[in-house]
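*Asks:* Below you will find the structure I want to go over with you.
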Amino acid sequence: MKVHEYQAKEIFEQAGIPVPREVVCATPAECAAAARAIGLPVVIKAQVLVGGRGKAGGVKRVEKQEQVEAAAGQILGMDIKGLRVEKVLVAECADIAKEYYVGIIVDRVGRKPVLMASAAGGVEIEQVARETPEKIVKVEIDPAAGLLGFQGRNVGMALFDGDAKLARSFAGIAARLYRVFASRDCSLIEINPLVRLGDGSLLALDAKVNFDDNALFRHPDNEAMRDRAAEEPKEVEAKEAGLSYIKLEGNVGCVVNGAGLAMATMDLIKRYGGEPANFLDVGGSSSPDKMVTAMRIILSDPNVKAILVNIFGGITRCDDIATGLLAAKKQADIRVPVVARLTGTNAEPARALLEGTDVTPAATMAEAVKKAVELAGGGK
Amino acid sequence: MKVHEYQAKEIFEQAGIPVPREVVCATPAECAAAARAIGLPVVIKAQVLVGGRGKAGGVKRVEKQEQVEAAAGQILGMDIKGLRVEKVLVAECADIAKEYYVGIIVDRVGRKPVLMASAAGGVEIEQVARETPEKIVKVEIDPAAGLLGFQGRNVGMALFDGDAKLARSFAGIAARLYRVFASRDCSLIEINPLVRLGDGSLLALDAKVNFDDNALFRHPDNEAMRDRAAEEPKEVEAKEAGLSYIKLEGNVGCVVNGAGLAMATMDLIKRYGGEPANFLDVGGSSSPDKMVTAMRIILSDPNVKAILVNIFGGITRCDDIATGLLAAKKQADIRVPVVARLTGTNAEPARALLEGTDVTPAATMAEAVKKAVELAGGGK
Amino acid sequence: MSILIDEKTRVLVQGITGRDGAFHAQAMKSYGTQVVGGVTPGKGGQSVEGIPVFDSVAEAARATGADASIIFVPAAFATDAMYEAADGGLKLVVCVAEGVPTLDMVRVLEYCRGRGTRVLGPNCPGAISPGKAKVGIMPAASFARGCVGVVSRSGTLTYEIAANTGDFGQSTVIGIGGDPVIGTSFLDCLELFNADPETRAIVLVGEIGGTDEERAADWVKRNCRKPVFGFIAGQTAPPGKRMGHAGAIISGGTGTAPEKIAAFEAAGIEVIYEPQELPGRLAAKL
Amino acid sequence: MSILIDEKTRVLVQGITGRDGAFHAQAMKSYGTQVVGGVTPGKGGQSVEGIPVFDSVAEAARATGADASIIFVPAAFATDAMYEAADGGLKLVVCVAEGVPTLDMVRVLEYCRGRGTRVLGPNCPGAISPGKAKVGIMPAASFARGCVGVVSRSGTLTYEIAANTGDFGQSTVIGIGGDPVIGTSFLDCLELFNADPETRAIVLVGEIGGTDEERAADWVKRNCRKPVFGFIAGQTAPPGKRMGHAGAIISGGTGTAPEKIAAFEAAGIEVIYEPQELPGRLAAKL
């Protein structure tokens, strides 16, 4: 789960990580008041849950008080990669001497959190990793011991060319960053850029905090930061029904059990000249009800021209799927053709249930995909 | 550092460990009010930092409201093992079905915290350990993982004869107990007895929390619980001067560098028919000032008939000790004979400094001890 | 032979008295797995489908000589069950639960590593060595004894691939799980398959996210003496979107399907684009 | 031979630019110890008494091939220095500081154990193998090369005892430290002394508190092939009072001198009541 920059900054401030003076605002008038309080120049930054807001024009530096409202008005309401800007952050312009990157993620290979830092701040760390990996300093964090004092200090020494004073203040920030990471179950925490100011102090100019979805159950404070407005309502509805749904751009709707098989089905649709309309995993033990919800969600997408049901029964019973499919057909007016491939647990009774209906049966995944793509009108 | 039962109970309450309804009081009138609020019968318990208050008459059960003030008056001001009772705890009388013991200490051998529990509650755990060790259930706590859910539960299952509900509520208490132990740097934490009530719930009837002295620097909340009134003022003064002093009952005062050598010196005094008046370790790098303080503290004990200075110089320089000794003699009127054995670093200049003074020199520890015992008038 | 589990594996079912635990205990037992005991605190002394239930893993392991377990408890309690299994001295622990917090896994895997316990999962279907033992939730009928080793991050896709090994059958099929931090990696399984005489070919079923496939490919290039086939799910997945599995997310330009396929090709791993290609490709190599 | 340290031990001094660090670096170097480097963050590139200073242990270890270190930083920073030493791959770390929190020691010792690093201390004078190397703070003049191994929980008492080995001299003298949780126990040292050909007799200098002496005695009874002498300090210490050392406290009837002496006697360890008895007793046995 992602949170906005201003929320991440609140977390930082509580943790004692230095952040600029800044105010989150929802209207141009609020922005004007904030700028007056902070003092010009200020920077106005769109609060959206996607990257690249700078390129999209979502960040503006304003020199004069009388220009604040106009600039804020341009950013508020702006559409950035499909998301509407509802809030902006009005922030002081820091006296930046140099920009750095610092972040913590869990390294999947080492199975441990890793502190990463780089003197190439302001740039995406993945780009630095690809182009100049030698510029990234990394240390593995022992989960039992936590980020150790010497580790933060040594990373700081590397980052600040042996300046022990800066290294120590960096170590303090890194320690606080890890404390937030561990205590709030983050999947990622980043300061990019961390800036060194003219006076030699360090400041977190931008902040990114992602929470582990699997740990939200024990962090009501994390959950409380969710921005429901920024989420796809169909994806939320699916999640509440125990389904995993992601809308895509194509016209072949898919209902699959298992994330891997669902992705493989999408890939095969593409391979056979079609375009998948969605990712949908009905999950483990599927009740007929879930199937009804799945069909309704898929059909709410007007692009969908055919539906492909691909089930390999294990815990999921094929007859439950068939029953759900028939119930969905009864409850809603399904105007598009449905192809069903049901194999594994209880495939026989499932086939019997669907016999005589207008659901097109298929014996293999390949056959099912071919038929569905064809029924959707090919790749067009 | 030890804290009173009522302070330990406050810690328990904050941590969510169930404690009886009880109020700490300093006067009989407060006790009467507390008893009225709680409801009779109540138990009045002396708050002193030593064990054995029950045997000393420091715990009384009171059945009637009109008896509360009298009972409280007997306990308040009472002397228990040299400590005056300044406060009492007035507590509800719980409906006890059975008493248990639960505690956490650091096992020196395993170098890990250990959760110990026993169905023989109310008795000192060391006594149980000696007499019926099979009645103690123990689990080692991995410091990285903390006390794990299954560990608390399994100890609970053993304690409560397979009653899963009691085992779970025990596990909850044990988990909280460990959280306090680890987060506040305890050296010992005990509930003795933990009682099972008639209604099947568990309650911490008594509580003992000792803090690690070495960790007080990072726990102002622990330090704030210190009861200065219960401490020997001379020991406090010594500590503030960087000395470690403990008053004993004999007449040979000792000034030694190093805890081990100090104990060995005391033992040798006893072996040669004397009685040590104190333990005193001047510590590592000894300045002449420390020596002056050490002499003053020892001389404040009227029992002292002779002083033995036993120094094996390492970091400690013998000439510093000699200088300090002479300064002490100059500043105070030292009416008792002093024997000094100074060896190791800078022993030569030290001997030169003391030559011609009335300090009796000695070449070996044995010789020094013999002379000091003799000068103090033997074992009398 | 086979890897991880065989007819001698003695299995405990943690959470055996729950709905899923009881169902799969029975299914594994019917398959021929030595399901020697179950664990549910407070239910010690009872039995489920003829399997004795114990209050703790330690007790169960002592009484039954179990060396493996499979966990059927909700995600919030799964790590405690793994700790208990490791503490009880079990060598293999399979965790089916989806939704275990990542940092919990980081901690428990460190604990298990220190005690010599291998974790398979979480969020995985387990393992099956057809004809010998099943310690998992897969539909037994989809598997047949043979010579192809299958290792996969998925559940049902694993069944689909295994079903497409045709007459070659499978030595062992392992689902390693779809989470970012898991106990057993592709690489771990490849090493075991490479050393297993019964396994003549290996199929690696990867998906987008992470770099486990790339590491495995690198190892294959340098060490593997058997033909390896690779499949990657998620070629059409957009970046930044989590495709069901917590681990299946393309972040910052890494973990994409083209990267993984390129790594496979560079390592001499034959890339499979449709499960049904598999029988022909296997026949050509074996 | 000797134990723990000898003329080949390559030592770093952590906190070398501090007052104590600089003083003892010089003293150890003068004694002949191979003091190959020092560590103080931010002072890398400088030198102290001709010893090069580095910013980190890792850097120092890489540059100098050090395998041991001695820590001269205040108690509040001592655990971090131990972590860094273990992380830097050193095999032996001596911690002199008094006042390290017990639970910090519990954690750091677990970390060091996992990395194969032995900790000596904290709150200890270190070790000396007379004539070969000194990694500690003891006054060198009080020690002489010879055949008696001395292991002790104390500082100055250790010097007193060592000075009383007379003409036999010492193979290695070790102060294990006066805290309740320490990295190296009596038992660890006994095992090493027992296996060391240069050591012909062992003196165990215990004190009240804990059961480390009892455990050592038990081991001696079953395994030790050399004469062992035992001394216990604190026979006159009252229960419940901490005698200077955090570890020297009699609690609940355990850790008393009579218990320890009884354990020594039961194990065939000759009990010494005065340091000056030692020369005669050694002569009678050697």
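Note on naming: chains are A, B, ... as they come in the structure tokens, residues start from 1 per chain, ligands start from 1 in the order shown.
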State the Cα RMSD (Å, one decimal) obtained when chain A is least-squares superposed onto chain B, all Cα atoms paired in order.
*Replies:* 0.1 Å
*Asks:* Find the residues in chain B near chain D: any atom within 6 Å counts, using only C-alpha atoms. Write them as number ranges by chain.
*Replies:* B: 108, 111-112, 126, 214-215, 244, 258-261, 263-264, 267, 312, 314
*Asks:* Please compute the CA of Pro276 in chain B-CA of Thr293 in chain B distance, one decimal, in Å.
*Replies:*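 Rounded to one decimal, the two atoms are 18.7 Å apart.
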*Asks:* Write down, as a PyMOL selection string, each residue of chain A that has any atom within 8 Å of an atom of chain B, counting only C-alpha atoms.
*Replies:* chain A and resi 143-145
*Asks:* May I have all residues of range 65-233 of chain C that DSSP, computed from the backbone, assigns to strand (DSSP E), given as an mmCIF file with N, CA, C and O atoms, in the first residue's frame?
*Replies:*
```cif
data_model
loop_
_atom_site.group_PDB
_atom_site.id
_atom_site.type_symbol
_atom_site.label_atom_id
_atom_site.label_comp_id
_atom_site.auth_asym_id
_atom_site.auth_seq_id
_atom_site.Cartn_x
_atom_site.Cartn_y
_atom_site.Cartn_z
ATOM 1 N N ALA C 68 9.005 -33.685 9.345
ATOM 2 C CA ALA C 68 8.464 -32.632 8.484
ATOM 3 C C ALA C 68 7.094 -32.229 8.997
ATOM 4 O O ALA C 68 6.470 -32.957 9.768
ATOM 5 N N SER C 69 6.658 -31.043 8.579
ATOM 6 C CA SER C 69 5.294 -30.663 8.914
ATOM 7 C C SER C 69 4.721 -29.787 7.824
ATOM 8 O O SER C 69 5.453 -29.215 7.009
ATOM 9 N N ILE C 70 3.397 -29.731 7.805
ATOM 10 C CA ILE C 70 2.713 -28.804 6.914
ATOM 11 C C ILE C 70 1.743 -28.019 7.784
ATOM 12 O O ILE C 70 1.099 -28.571 8.680
ATOM 13 N N ILE C 71 1.737 -26.715 7.553
ATOM 14 C CA ILE C 71 1.013 -25.800 8.431
ATOM 15 C C ILE C 71 -0.304 -25.355 7.817
ATOM 16 O O ILE C 71 -0.323 -24.806 6.714
ATOM 17 N N LEU C 92 11.853 -30.090 7.622
ATOM 18 C CA LEU C 92 11.130 -29.442 6.524
ATOM 19 C C LEU C 92 9.787 -28.955 7.036
ATOM 20 O O LEU C 92 9.062 -29.697 7.703
ATOM 21 N N VAL C 93 9.466 -27.694 6.737
ATOM 22 C CA VAL C 93 8.175 -27.126 7.121
ATOM 23 C C VAL C 93 7.546 -26.504 5.886
ATOM 24 O O VAL C 93 8.156 -25.650 5.250
ATOM 25 N N VAL C 94 6.344 -26.943 5.565
ATOM 26 C CA VAL C 94 5.637 -26.400 4.406
ATOM 27 C C VAL C 94 4.566 -25.442 4.915
ATOM 28 O O VAL C 94 3.747 -25.815 5.754
ATOM 29 N N CYS C 95 4.596 -24.217 4.410
ATOM 30 C CA CYS C 95 3.598 -23.245 4.843
ATOM 31 C C CYS C 95 2.728 -22.831 3.667
ATOM 32 O O CYS C 95 3.193 -22.211 2.708
ATOM 33 N N ARG C 118 14.384 -26.376 6.890
ATOM 34 C CA ARG C 118 14.041 -25.782 5.604
ATOM 35 C C ARG C 118 12.561 -25.414 5.596
ATOM 36 O O ARG C 118 11.716 -26.223 5.987
ATOM 37 N N VAL C 119 12.272 -24.205 5.156
ATOM 38 C CA VAL C 119 10.882 -23.787 4.993
ATOM 39 C C VAL C 119 10.545 -23.803 3.510
ATOM 40 O O VAL C 119 11.333 -23.330 2.689
ATOM 41 N N LEU C 120 9.401 -24.367 3.176
ATOM 42 C CA LEU C 120 8.889 -24.280 1.811
ATOM 43 C C LEU C 120 7.666 -23.379 1.882
ATOM 44 O O LEU C 120 6.728 -23.658 2.623
ATOM 45 N N GLY C 126 2.964 -26.562 -1.723
ATOM 46 C CA GLY C 126 3.694 -27.682 -1.144
ATOM 47 C C GLY C 126 4.460 -28.468 -2.192
ATOM 48 O O GLY C 126 4.796 -27.939 -3.252
ATOM 49 N N ALA C 127 4.729 -29.725 -1.866
ATOM 50 C CA ALA C 127 5.515 -30.569 -2.766
ATOM 51 C C ALA C 127 4.861 -31.935 -2.894
ATOM 52 O O ALA C 127 4.192 -32.408 -1.975
ATOM 53 N N ILE C 128 5.072 -32.531 -4.045
ATOM 54 C CA ILE C 128 4.596 -33.902 -4.252
ATOM 55 C C ILE C 128 5.686 -34.675 -4.992
ATOM 56 O O ILE C 128 6.287 -34.168 -5.939
ATOM 57 N N SER C 129 5.972 -35.883 -4.499
ATOM 58 C CA SER C 129 6.847 -36.806 -5.217
ATOM 59 C C SER C 129 5.912 -37.937 -5.638
ATOM 60 O O SER C 129 5.637 -38.850 -4.847
ATOM 61 N N ALA C 133 4.913 -39.557 -1.919
ATOM 62 C CA ALA C 133 4.378 -38.735 -0.838
ATOM 63 C C ALA C 133 3.909 -37.399 -1.389
ATOM 64 O O ALA C 133 4.425 -36.895 -2.390
ATOM 65 N N LYS C 134 2.942 -36.851 -0.695
ATOM 66 C CA LYS C 134 2.460 -35.518 -1.014
ATOM 67 C C LYS C 134 2.412 -34.745 0.286
ATOM 68 O O LYS C 134 1.803 -35.194 1.258
ATOM 69 N N VAL C 135 3.102 -33.623 0.345
ATOM 70 C CA VAL C 135 3.017 -32.752 1.511
ATOM 71 C C VAL C 135 2.567 -31.411 0.958
ATOM 72 O O VAL C 135 3.356 -30.509 0.711
ATOM 73 N N GLY C 136 1.279 -31.344 0.695
ATOM 74 C CA GLY C 136 0.760 -30.156 0.041
ATOM 75 C C GLY C 136 -0.714 -30.296 -0.238
ATOM 76 O O GLY C 136 -1.370 -31.213 0.265
ATOM 77 N N ARG C 145 4.084 -40.434 -11.524
ATOM 78 C CA ARG C 145 5.494 -40.674 -11.236
ATOM 79 C C ARG C 145 6.322 -40.692 -12.512
ATOM 80 O O ARG C 145 5.896 -41.246 -13.532
ATOM 81 N N GLY C 146 7.486 -40.098 -12.459
ATOM 82 C CA GLY C 146 8.320 -40.063 -13.648
ATOM 83 C C GLY C 146 9.620 -39.352 -13.413
ATOM 84 O O GLY C 146 10.148 -39.365 -12.296
ATOM 85 N N CYS C 147 10.126 -38.705 -14.451
ATOM 86 C CA CYS C 147 11.512 -38.222 -14.395
ATOM 87 C C CYS C 147 11.683 -36.717 -14.543
ATOM 88 O O CYS C 147 12.811 -36.245 -14.640
ATOM 89 N N VAL C 148 10.589 -35.958 -14.593
ATOM 90 C CA VAL C 148 10.750 -34.512 -14.752
ATOM 91 C C VAL C 148 10.580 -33.813 -13.393
ATOM 92 O O VAL C 148 9.596 -34.041 -12.703
ATOM 93 N N GLY C 149 11.546 -33.010 -13.058
ATOM 94 C CA GLY C 149 11.444 -32.212 -11.835
ATOM 95 C C GLY C 149 10.826 -30.870 -12.181
ATOM 96 O O GLY C 149 11.249 -30.232 -13.148
ATOM 97 N N VAL C 150 9.799 -30.480 -11.431
ATOM 98 C CA VAL C 150 9.142 -29.205 -11.708
ATOM 99 C C VAL C 150 9.259 -28.309 -10.485
ATOM 100 O O VAL C 150 8.969 -28.734 -9.365
ATOM 101 N N VAL C 151 9.682 -27.085 -10.689
ATOM 102 C CA VAL C 151 9.723 -26.122 -9.593
ATOM 103 C C VAL C 151 9.088 -24.824 -10.077
ATOM 104 O O VAL C 151 9.346 -24.362 -11.176
ATOM 105 N N SER C 152 8.220 -24.278 -9.222
ATOM 106 C CA SER C 152 7.339 -23.209 -9.686
ATOM 107 C C SER C 152 7.018 -22.237 -8.563
ATOM 108 O O SER C 152 6.988 -22.608 -7.395
ATOM 109 N N GLN C 170 6.599 -37.031 -13.359
ATOM 110 C CA GLN C 170 7.399 -36.121 -12.529
ATOM 111 C C GLN C 170 8.119 -36.860 -11.412
ATOM 112 O O GLN C 170 7.570 -37.773 -10.824
ATOM 113 N N SER C 171 9.345 -36.445 -11.147
ATOM 114 C CA SER C 171 10.081 -36.989 -9.990
ATOM 115 C C SER C 171 9.558 -36.301 -8.727
ATOM 116 O O SER C 171 9.082 -36.946 -7.801
ATOM 117 N N THR C 172 9.641 -34.975 -8.706
ATOM 118 C CA THR C 172 9.064 -34.177 -7.625
ATOM 119 C C THR C 172 8.555 -32.882 -8.237
ATOM 120 O O THR C 172 9.175 -32.352 -9.169
ATOM 121 N N VAL C 173 7.444 -32.400 -7.719
ATOM 122 C CA VAL C 173 6.908 -31.113 -8.155
ATOM 123 C C VAL C 173 6.825 -30.214 -6.914
ATOM 124 O O VAL C 173 6.264 -30.610 -5.895
ATOM 125 N N ILE C 174 7.428 -29.041 -7.028
ATOM 126 C CA ILE C 174 7.522 -28.152 -5.868
ATOM 127 C C ILE C 174 6.965 -26.779 -6.199
ATOM 128 O O ILE C 174 7.358 -26.170 -7.197
ATOM 129 N N GLY C 175 6.076 -26.327 -5.365
ATOM 130 C CA GLY C 175 5.637 -24.932 -5.473
ATOM 131 C C GLY C 175 6.364 -24.151 -4.403
ATOM 132 O O GLY C 175 6.187 -24.417 -3.211
ATOM 133 N N ALA C 201 15.091 -34.316 -16.333
ATOM 134 C CA ALA C 201 14.929 -32.972 -16.911
ATOM 135 C C ALA C 201 14.241 -32.093 -15.865
ATOM 136 O O ALA C 201 13.564 -32.609 -14.970
ATOM 137 N N ILE C 202 14.439 -30.807 -15.991
ATOM 138 C CA ILE C 202 13.892 -29.882 -14.993
ATOM 139 C C ILE C 202 13.073 -28.801 -15.683
ATOM 140 O O ILE C 202 13.500 -28.266 -16.714
ATOM 141 N N VAL C 203 11.903 -28.518 -15.135
ATOM 142 C CA VAL C 203 11.108 -27.405 -15.657
ATOM 143 C C VAL C 203 10.997 -26.350 -14.566
ATOM 144 O O VAL C 203 10.615 -26.630 -13.427
ATOM 145 N N LEU C 204 11.346 -25.139 -14.962
ATOM 146 C CA LEU C 204 11.378 -24.007 -14.057
ATOM 147 C C LEU C 204 10.218 -23.088 -14.436
ATOM 148 O O LEU C 204 10.213 -22.522 -15.539
ATOM 149 N N VAL C 205 9.234 -22.974 -13.558
ATOM 150 C CA VAL C 205 8.061 -22.172 -13.888
ATOM 151 C C VAL C 205 8.136 -20.860 -13.097
ATOM 152 O O VAL C 205 7.772 -20.800 -11.924
ATOM 153 N N GLY C 206 8.606 -19.833 -13.762
ATOM 154 C CA GLY C 206 8.796 -18.561 -13.089
ATOM 155 C C GLY C 206 7.659 -17.599 -13.351
ATOM 156 O O GLY C 206 6.708 -17.900 -14.069
ATOM 157 N N GLU C 207 7.763 -16.444 -12.734
ATOM 158 C CA GLU C 207 6.821 -15.373 -13.042
ATOM 159 C C GLU C 207 7.527 -14.042 -12.841
ATOM 160 O O GLU C 207 8.653 -13.989 -12.347
ATOM 161 N N VAL C 228 17.148 -28.191 -19.016
ATOM 162 C CA VAL C 228 16.251 -27.353 -18.222
ATOM 163 C C VAL C 228 15.335 -26.578 -19.161
ATOM 164 O O VAL C 228 15.793 -26.045 -20.182
ATOM 165 N N PHE C 229 14.059 -26.551 -18.816
ATOM 166 C CA PHE C 229 13.069 -25.811 -19.594
ATOM 167 C C PHE C 229 12.518 -24.695 -18.721
ATOM 168 O O PHE C 229 12.345 -24.874 -17.514
ATOM 169 N N GLY C 230 12.271 -23.559 -19.338
ATOM 170 C CA GLY C 230 11.807 -22.426 -18.532
ATOM 171 C C GLY C 230 10.534 -21.815 -19.073
ATOM 172 O O GLY C 230 10.336 -21.720 -20.295
ATOM 173 N N PHE C 231 9.660 -21.432 -18.178
ATOM 174 C CA PHE C 231 8.401 -20.778 -18.541
ATOM 175 C C PHE C 231 8.275 -19.553 -17.645
ATOM 176 O O PHE C 231 8.606 -19.610 -16.469
ATOM 177 N N ILE C 232 7.822 -18.435 -18.210
ATOM 178 C CA ILE C 232 7.627 -17.227 -17.398
ATOM 179 C C ILE C 232 6.194 -16.734 -17.570
ATOM 180 O O ILE C 232 5.757 -16.433 -18.685
ATOM 181 N N ALA C 233 5.481 -16.627 -16.470
ATOM 182 C CA ALA C 233 4.117 -16.090 -16.514
ATOM 183 C C ALA C 233 4.161 -14.593 -16.234
ATOM 184 O O ALA C 233 4.966 -14.141 -15.415
#
```
*Asks:* What are the DSSP alpha helix (DSSP H) residues of range 80-138 of chain C, as a list of chain:residue names?
*Replies:*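 So the alpha helix (DSSP H) residues in range 80-138 of chain C would be C:Asp80, C:Ala81, C:Met82, C:Tyr83, C:Glu84, C:Ala85, C:Ala86, C:Asp87, C:Thr102, C:Leu103, C:Asp104, C:Met105, C:Val106, C:Arg107, C:Val108, C:Leu109, C:Glu110, C:Tyr111, C:Cys112, C:Arg113, C:Gly114.
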*Asks:* Please, could you write that set of residues out with N, CA, C and O atoms as a compact mmCIF listing (two decimals), in the first residue's frame?
*Replies:*
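Final file, again-v4.txt:
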```txt
# COMPACT_ATOMS: atom_id res chain seq x y z
N ASP C 80 4.34 -18.26 13.97
CA ASP C 80 4.53 -18.94 15.25
C ASP C 80 4.61 -20.46 15.03
O ASP C 80 5.42 -21.14 15.67
N ALA C 81 3.80 -20.96 14.11
CA ALA C 81 3.83 -22.40 13.81
C ALA C 81 5.18 -22.79 13.21
O ALA C 81 5.72 -23.86 13.51
N MET C 82 5.74 -21.92 12.37
CA MET C 82 7.06 -22.23 11.79
C MET C 82 8.14 -22.23 12.88
O MET C 82 8.99 -23.13 12.92
N TYR C 83 8.09 -21.22 13.77
CA TYR C 83 9.04 -21.20 14.88
C TYR C 83 8.93 -22.50 15.68
O TYR C 83 9.92 -23.12 16.03
N GLU C 84 7.71 -22.91 15.96
CA GLU C 84 7.53 -24.10 16.78
C GLU C 84 8.07 -25.35 16.06
O GLU C 84 8.69 -26.20 16.68
N ALA C 85 7.85 -25.42 14.76
CA ALA C 85 8.34 -26.56 13.99
C ALA C 85 9.87 -26.61 14.03
O ALA C 85 10.47 -27.67 14.22
N ALA C 86 10.50 -25.45 13.85
CA ALA C 86 11.96 -25.41 13.86
C ALA C 86 12.48 -25.76 15.25
O ALA C 86 13.43 -26.53 15.41
N ASP C 87 11.82 -25.20 16.27
CA ASP C 87 12.22 -25.46 17.65
C ASP C 87 12.06 -26.94 17.98
O ASP C 87 12.82 -27.49 18.76
N THR C 102 5.93 -9.86 5.36
CA THR C 102 7.28 -10.11 4.85
C THR C 102 8.35 -10.08 5.94
O THR C 102 9.22 -10.93 5.98
N LEU C 103 8.28 -9.08 6.82
CA LEU C 103 9.33 -8.99 7.85
C LEU C 103 9.23 -10.14 8.86
O LEU C 103 10.24 -10.53 9.45
N ASP C 104 8.04 -10.68 9.05
CA ASP C 104 7.92 -11.88 9.89
C ASP C 104 8.68 -13.03 9.23
O ASP C 104 9.35 -13.81 9.91
N MET C 105 8.54 -13.14 7.91
CA MET C 105 9.25 -14.20 7.19
C MET C 105 10.76 -13.99 7.29
O MET C 105 11.51 -14.96 7.48
N VAL C 106 11.20 -12.76 7.17
CA VAL C 106 12.63 -12.47 7.30
C VAL C 106 13.14 -13.02 8.63
O VAL C 106 14.15 -13.72 8.70
N ARG C 107 12.40 -12.74 9.70
CA ARG C 107 12.84 -13.15 11.03
C ARG C 107 12.76 -14.66 11.22
O ARG C 107 13.69 -15.29 11.72
N VAL C 108 11.66 -15.25 10.80
CA VAL C 108 11.50 -16.68 11.06
C VAL C 108 12.46 -17.50 10.20
O VAL C 108 12.96 -18.54 10.63
N LEU C 109 12.76 -17.02 9.00
CA LEU C 109 13.71 -17.77 8.15
C LEU C 109 15.11 -17.75 8.75
O LEU C 109 15.83 -18.75 8.70
N GLU C 110 15.47 -16.62 9.36
CA GLU C 110 16.77 -16.54 10.03
C GLU C 110 16.82 -17.55 11.19
O GLU C 110 17.82 -18.23 11.38
N TYR C 111 15.71 -17.62 11.91
CA TYR C 111 15.61 -18.56 13.05
C TYR C 111 15.71 -20.00 12.53
O TYR C 111 16.45 -20.81 13.09
N CYS C 112 14.98 -20.30 11.47
CA CYS C 112 14.96 -21.67 10.94
C CYS C 112 16.33 -22.05 10.37
O CYS C 112 16.80 -23.18 10.55
N ARG C 113 16.96 -21.11 9.70
CA ARG C 113 18.28 -21.36 9.13
C ARG C 113 19.25 -21.76 10.24
O ARG C 113 20.01 -22.71 10.10
N GLY C 114 19.18 -21.05 11.36
CA GLY C 114 20.06 -21.34 12.48
C GLY C 114 19.81 -22.71 13.09
O GLY C 114 20.66 -23.23 13.81
```
*Asks:* Compile the contact shell of range 317-325 of chain B as a list in words: residues with an atom at most 6 Å away, counting only C-alpha atoms, same-chain residues fewer than 3 positions apart removed.
*Replies:* Pro288, Met291, Val292, Gly313, Ala328, Leu342, Thr345, Asn346, Ala347, Pro349 and Ala350 of chain B
*Asks:* Between range 16-115 of chain A and range 166-190 of chain A, at 10 Å or less, what are the per-residue closest atom pairs and their distances in Å? Count only C-alpha atoms, order by chain and rising residue number, and return it as CSV.
*Replies:*
```
residue,atom,partner,partner_atom,distance
A:Gly16,CA,A:Arg176,CA,7.0
A:Ile17,CA,A:Ile173,CA,5.8
A:Pro18,CA,A:Ile173,CA,8.1
A:Tyr101,CA,A:Glu190,CA,7.6
A:Val102,CA,A:Glu190,CA,5.8
A:Gly103,CA,A:Glu190,CA,4.1
A:Ile104,CA,A:Ile189,CA,5.4
A:Ile105,CA,A:Leu188,CA,4.8
A:Val106,CA,A:Ser187,CA,6.8
A:Pro113,CA,A:Tyr178,CA,9.0
A:Val114,CA,A:Tyr178,CA,9.6
A:Leu115,CA,A:Ala174,CA,8.0
```
*Asks:* Provide the CA of Lys234 in chain A to CA of Leu268 in chain A distance in Å, to one decimal place.
*Replies:*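 Atom-to-atom, CA of Lys234 in chain A and CA of Leu268 in chain A are spaced 24.1 Å apart.
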*Asks:* Neighbouring residues of Cys31 in chain A were defined as those with any atom within 10 Å, considering only C-alpha atoms; residues of the same chain fewer than 5 positions away were excluded. Please report them as a PyMOL selection string.
*Replies:* chain A and resi 23-26+36-37+42+44+65+68-73+87-91
*Asks:* Please list as an mmCIF file with C-alpha atoms, in the first residue's frame every residue within 9 Å of Val338 in chain A, counting only C-alpha atoms and excluding residues in the same chain fewer than 4 positions away.
*Replies:*
```
data_model
loop_
_atom_site.group_PDB
_atom_site.id
_atom_site.type_symbol
_atom_site.label_atom_id
_atom_site.label_comp_id
_atom_site.auth_asym_id
_atom_site.auth_seq_id
_atom_site.Cartn_x
_atom_site.Cartn_y
_atom_site.Cartn_z
ATOM 1 C CA ALA A 306 -15.779 -12.462 -24.639
ATOM 2 C CA ILE A 307 -15.083 -14.153 -21.321
ATOM 3 C CA LEU A 308 -12.642 -16.970 -20.779
ATOM 4 C CA VAL A 309 -12.997 -19.134 -17.688
ATOM 5 C CA ILE A 334 -24.544 -11.653 -20.129
ATOM 6 C CA ASP A 358 -24.548 -21.568 -24.292
ATOM 7 C CA VAL A 359 -21.180 -21.765 -22.499
ATOM 8 C CA THR A 360 -18.600 -22.960 -25.006
ATOM 9 C CA PRO A 361 -16.582 -25.845 -23.545
ATOM 10 C CA ALA A 372 -12.180 -16.844 -26.680
ATOM 11 C CA LEU A 375 -15.197 -14.905 -30.219
#
```
